[in-house]
>>> print(open('upload_15.pdb').read())   # PDB, C-alpha atoms
ATOM      1  CA  MET J 238      75.602  86.102 123.310
ATOM      2  CA  ILE J 239      73.064  88.002 125.367
ATOM      3  CA  GLU J 240      70.618  85.287 124.253
ATOM      4  CA  VAL J 241      72.633  82.732 126.263
ATOM      5  CA  PHE J 242      72.234  84.930 129.338
ATOM      6  CA  LYS J 243      68.525  85.427 128.652
ATOM      7  CA  THR J 244      67.958  81.665 128.252
ATOM      8  CA  TYR J 245      69.816  81.062 131.535
ATOM      9  CA  LEU J 246      67.659  83.605 133.360
ATOM     10  CA  GLN J 247      64.429  82.082 132.021
ATOM     11  CA  ALA J 248      65.554  78.633 133.159
ATOM     12  CA  LYS J 249      66.327  79.903 136.666
ATOM     13  CA  GLY J 250      63.220  81.933 137.429
ATOM     14  CA  SER J 251      59.893  83.352 136.384
ATOM     15  CA  TYR J 252      60.447  86.804 134.878
ATOM     16  CA  THR J 253      57.967  89.135 133.248
ATOM     17  CA  ALA J 254      59.013  90.375 129.809
ATOM     18  CA  GLU J 255      59.785  93.769 131.366
ATOM     19  CA  GLU J 256      61.938  92.239 134.132
ATOM     20  CA  LEU J 257      63.830  90.083 131.652
ATOM     21  CA  GLU J 258      64.526  93.149 129.505
ATOM     22  CA  LYS J 259      65.677  95.102 132.563
ATOM     23  CA  VAL J 260      68.170  92.399 133.576
ATOM     24  CA  THR J 261      69.567  91.779 130.088
ATOM     25  CA  ALA J 262      69.813  95.523 129.415
ATOM     26  CA  ALA J 263      72.040  95.858 132.493
ATOM     27  CA  ALA J 264      74.555  93.404 131.024
ATOM     28  CA  VAL J 265      77.444  94.359 128.774
ATOM     29  CA  ILE J 266      79.051  91.609 126.689
ATOM     30  CA  LYS J 267      82.843  91.486 126.778
ATOM     31  CA  LYS J 268      85.112  89.211 124.770
ATOM     32  CA  VAL J 269      88.115  87.815 126.611
ATOM     33  CA  ARG J 270      90.787  86.185 124.475
ATOM     34  CA  LYS J 271      92.647  83.057 125.615
ATOM     35  CA  ARG J 272      95.238  84.061 128.274
ATOM     36  CA  GLN J 273      93.725  87.567 128.576
ATOM     37  CA  TYR J 274      92.837  88.819 132.037
ATOM     38  CA  LEU J 275      89.286  89.638 132.989
ATOM     39  CA  SER J 276      90.747  91.086 136.195
ATOM     40  CA  GLN J 277      94.096  91.039 137.968
ATOM     41  CA  GLU J 278      95.358  90.937 141.511
ATOM     42  CA  GLY J 279      95.333  94.476 142.888
ATOM     43  CA  ASP J 280      92.319  95.571 140.817
ATOM     44  CA  VAL J 281      89.056  96.397 142.538
ATOM     45  CA  THR J 282      86.391  94.133 141.059
ATOM     46  CA  ARG J 283      83.514  96.305 139.869
ATOM     47  CA  ASN J 284      81.417  93.818 137.857
ATOM     48  CA  HIS J 285      79.703  90.511 138.338
ATOM     49  CA  ALA J 286      80.546  88.263 135.377
ATOM     50  CA  PHE J 287      78.392  85.565 133.795
ATOM     51  CA  VAL J 288      80.143  83.283 131.282
ATOM     52  CA  THR J 289      78.210  83.043 128.015
ATOM     53  CA  LYS J 290      81.016  81.285 126.128
ATOM     54  CA  GLY J 291      84.362  79.734 127.011
ATOM     55  CA  CYS J 292      86.232  78.851 130.173
ATOM     56  CA  LEU J 293      87.923  81.082 132.744
ATOM     57  CA  ARG J 294      89.781  80.485 135.992
ATOM     58  CA  THR J 295      90.318  82.310 139.281
ATOM     59  CA  TYR J 296      93.766  81.895 140.821
ATOM     60  CA  THR J 297      96.568  83.349 142.903
ATOM     61  CA  VAL J 298     100.314  83.197 142.393
ATOM     62  CA  ASP J 299     102.494  82.658 145.469
ATOM     63  CA  GLU J 300     105.925  84.130 146.189
ATOM     64  CA  LYS J 301     107.555  81.158 144.421
ATOM     65  CA  GLY J 302     105.548  81.818 141.256
ATOM     66  CA  ILE J 303     103.316  78.784 141.745
ATOM     67  CA  GLU J 304      99.694  79.163 140.660
ATOM     68  CA  HIS J 305      96.895  78.088 142.990
ATOM     69  CA  ILE J 306      93.576  77.743 141.150
ATOM     70  CA  LEU J 307      90.507  78.481 143.223
ATOM     71  CA  ASN J 308      87.891  77.687 140.575
ATOM     72  CA  PHE J 309      86.937  77.418 136.950
ATOM     73  CA  ALA J 310      83.877  78.851 135.215
ATOM     74  CA  ILE J 311      82.353  77.645 131.950
ATOM     75  CA  GLU J 312      79.172  78.550 130.097
ATOM     76  CA  ASN J 313      76.262  79.409 132.405
ATOM     77  CA  TRP J 314      78.498  79.877 135.458
ATOM     78  CA  TRP J 315      79.285  83.105 137.309
ATOM     79  CA  ILE J 316      82.842  84.221 138.109
ATOM     80  CA  GLY J 317      84.360  87.077 140.049
ATOM     81  CA  ASP J 318      85.809  88.134 143.365
ATOM     82  CA  ARG J 319      82.734  88.653 145.500
ATOM     83  CA  GLU J 320      84.768  90.008 148.429
ATOM     84  CA  SER J 321      86.334  92.726 146.274
ATOM     85  CA  ILE J 322      82.956  93.597 144.755
ATOM     86  CA  GLN J 323      81.309  93.871 148.173
ATOM     87  CA  THR J 324      84.093  95.681 150.049
ATOM     88  CA  GLY J 325      85.667  97.770 147.297
ATOM     89  CA  GLN J 326      89.067  96.427 148.371
ATOM     90  CA  PRO J 327      91.664  95.303 145.797
ATOM     91  CA  SER J 328      91.321  91.675 144.759
ATOM     92  CA  ILE J 329      93.915  89.079 145.686
ATOM     93  CA  TYR J 330      92.895  87.004 142.646
ATOM     94  CA  ASN J 331      93.621  86.907 138.946
ATOM     95  CA  ILE J 332      90.877  85.857 136.555
ATOM     96  CA  ASP J 333      91.857  84.952 133.013
ATOM     97  CA  ALA J 334      90.514  83.018 130.056
ATOM     98  CA  ILE J 335      91.632  79.458 129.380
ATOM     99  CA  GLU J 336      89.766  79.575 126.051
ATOM    100  CA  ASP J 337      88.496  82.440 123.938
ATOM    101  CA  SER J 338      85.514  83.489 126.018
ATOM    102  CA  GLU J 339      82.653  85.943 126.353
ATOM    103  CA  VAL J 340      81.128  87.224 129.555
ATOM    104  CA  ALA J 341      78.091  89.296 130.421
ATOM    105  CA  LEU J 342      79.212  91.975 132.897
ATOM    106  CA  ILE J 343      76.833  93.692 135.298
ATOM    107  CA  SER J 344      78.185  96.527 137.431
ATOM    108  CA  LYS J 345      77.789  96.265 141.201
ATOM    109  CA  GLU J 346      75.388  99.199 141.214
ATOM    110  CA  LYS J 347      73.116  97.738 138.530
ATOM    111  CA  PHE J 348      73.377  94.266 140.065
ATOM    112  CA  ASP J 349      72.290  95.548 143.490
ATOM    113  CA  GLN J 350      69.465  97.506 141.866
ATOM    114  CA  LEU J 351      68.289  94.391 140.009
ATOM    115  CA  CYS J 352      68.301  92.394 143.240
ATOM    116  CA  PHE J 353      66.094  95.066 144.805
ATOM    117  CA  GLU J 354      63.730  95.600 141.865
ATOM    118  CA  VAL J 355      63.423  92.115 140.295
ATOM    119  CA  PRO J 356      62.356  89.432 142.794
ATOM    120  CA  ALA J 357      63.144  86.529 140.442
ATOM    121  CA  PHE J 358      66.688  87.827 139.965
ATOM    122  CA  ASN J 359      67.167  88.274 143.723
ATOM    123  CA  ASN J 360      65.841  84.754 144.384
ATOM    124  CA  MET J 361      68.169  83.322 141.732
ATOM    125  CA  ILE J 362      71.209  85.084 143.212
ATOM    126  CA  ASN J 363      70.337  83.900 146.730
ATOM    127  CA  ALA J 364      70.024  80.314 145.463
ATOM    128  CA  ILE J 365      73.391  80.635 143.682
ATOM    129  CA  LEU J 366      75.056  81.975 146.833
ATOM    130  CA  GLN J 367      73.661  79.117 148.914
ATOM    131  CA  LYS J 368      74.841  76.557 146.378
ATOM    132  CA  SER J 369      78.250  78.254 146.153
ATOM    133  CA  PHE J 370      78.636  78.009 149.910
ATOM    134  CA  LEU J 371      77.911  74.276 149.816
ATOM    135  CA  VAL J 372      80.315  73.754 146.915
ATOM    136  CA  ALA J 373      83.051  75.637 148.805
ATOM    137  CA  GLN J 374      82.387  73.622 151.946
ATOM    138  CA  ASN J 375      82.590  70.343 149.996
ATOM    139  CA  ARG J 376      85.767  71.510 148.270
ATOM    140  CA  ILE J 377      87.451  72.216 151.595
ATOM    141  CA  HIS J 378      86.417  68.779 152.866
ATOM    142  CA  THR J 379      87.740  67.128 149.706
ATOM    143  CA  PHE J 380      90.993  69.082 149.885
ATOM    144  CA  LEU J 381      91.610  68.164 153.530
ATOM    145  CA  SER J 382      90.323  64.600 153.605
ATOM    146  CA  LEU J 383      90.860  62.796 150.311
ATOM    147  CA  THR J 384      93.871  61.237 148.633
ATOM    148  CA  ALA J 385      95.144  62.605 145.321
ATOM    149  CA  GLU J 386      93.337  59.814 143.450
ATOM    150  CA  GLU J 387      90.088  60.406 145.325
ATOM    151  CA  LYS J 388      90.309  64.152 144.594
ATOM    152  CA  TYR J 389      90.788  63.492 140.886
ATOM    153  CA  LEU J 390      87.965  60.934 140.710
ATOM    154  CA  SER J 391      85.680  63.338 142.567
ATOM    155  CA  LEU J 392      86.483  66.080 140.050
ATOM    156  CA  LEU J 393      85.758  63.732 137.145
ATOM    157  CA  GLU J 394      82.439  62.765 138.693
ATOM    158  CA  LYS J 395      81.307  66.322 139.467
ATOM    159  CA  PHE J 396      82.754  68.133 136.442
ATOM    160  CA  PRO J 397      83.576  65.583 133.690
ATOM    161  CA  HIS J 398      83.631  68.305 131.017
ATOM    162  CA  LEU J 399      86.527  70.176 132.678
ATOM    163  CA  ASN J 400      88.959  67.328 132.091
ATOM    164  CA  MET J 401      88.641  67.819 128.313
ATOM    165  CA  ARG J 402      88.788  71.639 128.361
ATOM    166  CA  VAL J 403      91.422  72.427 130.977
ATOM    167  CA  PRO J 404      95.148  71.570 130.776
ATOM    168  CA  GLN J 405      96.201  68.843 133.213
ATOM    169  CA  SER J 406      98.648  71.207 134.938
ATOM    170  CA  MET J 407      95.696  73.440 135.834
ATOM    171  CA  ILE J 408      93.650  70.453 137.026
ATOM    172  CA  ALA J 409      96.567  69.520 139.299
ATOM    173  CA  SER J 410      96.764  73.072 140.648
ATOM    174  CA  TYR J 411      93.016  73.088 141.338
ATOM    175  CA  LEU J 412      93.333  69.770 143.194
ATOM    176  CA  GLY J 413      96.323  70.997 145.207
ATOM    177  CA  ILE J 414      98.686  68.353 143.861
ATOM    178  CA  THR J 415     101.681  68.442 141.547
ATOM    179  CA  ALA J 416     101.381  67.738 137.832
ATOM    180  CA  GLU J 417     103.623  64.707 138.361
ATOM    181  CA  THR J 418     101.289  63.301 141.005
ATOM    182  CA  LEU J 419      98.301  63.812 138.730
ATOM    183  CA  SER J 420     100.116  62.075 135.879
ATOM    184  CA  ARG J 421     100.879  59.118 138.142
ATOM    185  CA  VAL J 422      97.263  58.971 139.370
ATOM    186  CA  ARG J 423      95.896  59.055 135.822
ATOM    187  CA  LYS J 424      98.304  56.278 134.778
ATOM    188  CA  GLN J 425      97.202  54.101 137.724
ATOM    189  CA  ILE J 426      93.537  54.636 136.884
ATOM    190  CA  ALA J 427      94.117  53.816 133.202
ATOM    191  CA  GLN J 428      95.895  50.568 134.103
ATOM    192  CA  ARG J 429      92.868  49.235 136.005
TER     193      ARG J 429
END
>>> encode(input="upload_15.pdb", output="C-alpha cells")
Amino acid sequence: MIEVFKTYLQAKGSYTAEELEKVTAAAVIKKVRKRQYLSQEGDVTRNHAFVTKGCLRTYTVDEKGIEHILNFAIENWWIGDRESIQTGQPSIYNIDAIEDSEVALISKEKFDQLCFEVPAFNNMINAILQKSFLVAQNRIHTFLSLTAEEKYLSLLEKFPHLNMRVPQSMIASYLGITAETLSRVRKQIAQR
C-alpha cells in the first residue's frame, strides 16, 4: 500500500527520486480493522495518518452517549487530531475504521523533518492545510445556515461516494441531524 502513498505524492508535487524515497521511507503502514480504533479520546496523537485503503471517521461521544462525527477520511485523504499532534495534549477525539482500512503513519518528528528537508512535501502540506481551513469554514456555514435537506444535498454533491460507504446513522451524525430526520429527508427527495 505504500505505492498508493507514493502515487499520491507524485500527483501532488514534483519530487526527486531521493526525496520521494525519503518521504515514503518515513511512513509505516498499519492495518486497521473495521470498528478498530486508530486512536482514542485521551491518547496523545503522535502520528499523521494518510489513508491508503478504506474509510475512517473522527468523532466525539457526549455525556448522553451520542456520537458527533467531525469528519470522514477515505483513500488519499489525511486524518488525525492536528491539535493533539502539535500541542502534545490528549486528544478529545476518537478515530476508528468504518471499513477494513490501511493507513500510512508518519511520526510528528519525521513529518516535521520532511517539511523542513523536502520542499515539495512542505508545499503539499501547506496546500492541504489551506484547503482544510476552507472546508472547515464551509462546513460551519452549512451547519449553521442550511436546512436538513440542504445539508444532505450538499453532502451528496461534494462527497457522493460517502453515501454508499457510510451507514446512514453516521451520515446523520455528521450532518448534525437525527437518523429519523435523515430518513424523512431521503424519502421526500425520492418522491420527487
>>> closest_atom_pairs(input="upload_15.pdb", of="stretch 273-389 of chain J", to="stretch 259-266 of chain J", cutoff="7 Å", atoms="all atoms listed in the file", output="Markdown table")
| residue | atom | partner | partner_atom | distance |
| --- | --- | --- | --- | --- |
| J:Glu339 | CA | J:Ile266 | CA | 6.7 |
| J:Val340 | CA | J:Ile266 | CA | 5.6 |
| J:Ala341 | CA | J:Ile266 | CA | 4.5 |
| J:Leu342 | CA | J:Val265 | CA | 5.1 |
| J:Ile343 | CA | J:Ala264 | CA | 4.9 |
| J:Lys347 | CA | J:Ala263 | CA | 6.4 |
| J:Leu351 | CA | J:Val260 | CA | 6.7 |
>>> closest_atom_pairs(input="upload_15.pdb", of="stretch 248-331 of chain J", to="stretch 361-382 of chain J", cutoff="10 Å", atoms="only C-alpha atoms", output="tab-separated table")
residue	atom	partner	partner_atom	distance
J:Lys249	CA	J:Met361	CA	6.4
J:Gly250	CA	J:Met361	CA	6.7
J:Ser251	CA	J:Met361	CA	9.9
J:Leu307	CA	J:Ala373	CA	9.7
J:Asn308	CA	J:Ala373	CA	9.8
J:Trp314	CA	J:Ile365	CA	9.7
J:Trp315	CA	J:Ile365	CA	9.0
>>> atom_distance(input="upload_15.pdb", atom1="atom CA of J:Leu399", atom2="atom CA of J:Tyr411")
11.2 Å
>>> closest_residue(input="upload_15.pdb", among="J:His285, J:Lys267, J:Arg272, J:Arg423", to="J:Glu336", atoms="all atoms listed in the file")
J:Arg272
>>> atom_distance(input="upload_15.pdb", atom1="atom CA of J:Ile335", atom2="atom CA of J:Val422")
23.5 Å
>>> residues_around(input="upload_15.pdb", residues="J:Gln273", least_positions_apart="2", cutoff="8 Å", atoms="only C-alpha atoms", output="MDAnalysis selection string")
chainID J and resid 269:271 275 333:334
>>> atom_distance(input="upload_15.pdb", atom1="atom CA of J:Leu257", atom2="atom CA of J:Lys345")
18.0 Å
>>> resolve_selection(input="upload_15.pdb", expression="the PyMOL selection byres ((chain J and resi 331) around 7)", output="ChimeraX atom specification")
/J:276-278,295-297,330,332-333
>>> closest_residue(input="upload_15.pdb", among="J:Glu346, J:Tyr389, J:Ile408, J:Asn400", to="J:Ile426", atoms="only C-alpha atoms")
J:Tyr389
>>> closest_residue(input="upload_15.pdb", among="J:Leu390, J:Ile239, J:Ala248, J:Ile306", to="J:Arg294", atoms="all atoms listed in the file")
J:Ile306
>>> resolve_selection(input="upload_15.pdb", expression="the PyMOL selection byres ((chain J and resi 283) around 7)", output="list in words")
Val281, Thr282, Asn284, Ile322, Ser344 and Lys345 of chain J
>>> axis_aligned_box(input="upload_15.pdb", around="stretch 341-350 of chain J", padding_each_side="6 Å", output="lines of an AutoDock Vina configuration file")
center_x = 74.3
center_y = 94.2
center_z = 137.0
size_x = 21.7
size_y = 21.9
size_z = 25.1
>>> resolve_selection(input="upload_15.pdb", expression="the PyMOL selection byres ((chain J and resi 405) around 12)", output="mmCIF file with C-alpha atoms, in the coordinates of the input")
data_model
loop_
_atom_site.group_PDB
_atom_site.id
_atom_site.type_symbol
_atom_site.label_atom_id
_atom_site.label_comp_id
_atom_site.auth_asym_id
_atom_site.auth_seq_id
_atom_site.Cartn_x
_atom_site.Cartn_y
_atom_site.Cartn_z
ATOM 1 C CA TYR J 389 90.788 63.492 140.886
ATOM 2 C CA LEU J 399 86.527 70.176 132.678
ATOM 3 C CA ASN J 400 88.959 67.328 132.091
ATOM 4 C CA MET J 401 88.641 67.819 128.313
ATOM 5 C CA ARG J 402 88.788 71.639 128.361
ATOM 6 C CA VAL J 403 91.422 72.427 130.977
ATOM 7 C CA PRO J 404 95.148 71.570 130.776
ATOM 8 C CA SER J 406 98.648 71.207 134.938
ATOM 9 C CA MET J 407 95.696 73.440 135.834
ATOM 10 C CA ILE J 408 93.650 70.453 137.026
ATOM 11 C CA ALA J 409 96.567 69.520 139.299
ATOM 12 C CA SER J 410 96.764 73.072 140.648
ATOM 13 C CA TYR J 411 93.016 73.088 141.338
ATOM 14 C CA LEU J 412 93.333 69.770 143.194
ATOM 15 C CA ILE J 414 98.686 68.353 143.861
ATOM 16 C CA THR J 415 101.681 68.442 141.547
ATOM 17 C CA ALA J 416 101.381 67.738 137.832
ATOM 18 C CA GLU J 417 103.623 64.707 138.361
ATOM 19 C CA THR J 418 101.289 63.301 141.005
ATOM 20 C CA LEU J 419 98.301 63.812 138.730
ATOM 21 C CA SER J 420 100.116 62.075 135.879
ATOM 22 C CA ARG J 421 100.879 59.118 138.142
ATOM 23 C CA VAL J 422 97.263 58.971 139.370
ATOM 24 C CA ARG J 423 95.896 59.055 135.822
#
>>> closest_residue(input="upload_15.pdb", among="J:Glu386, J:Asp337, J:Glu354, J:Asp349", to="J:Lys268", atoms="all atoms listed in the file")
J:Asp337
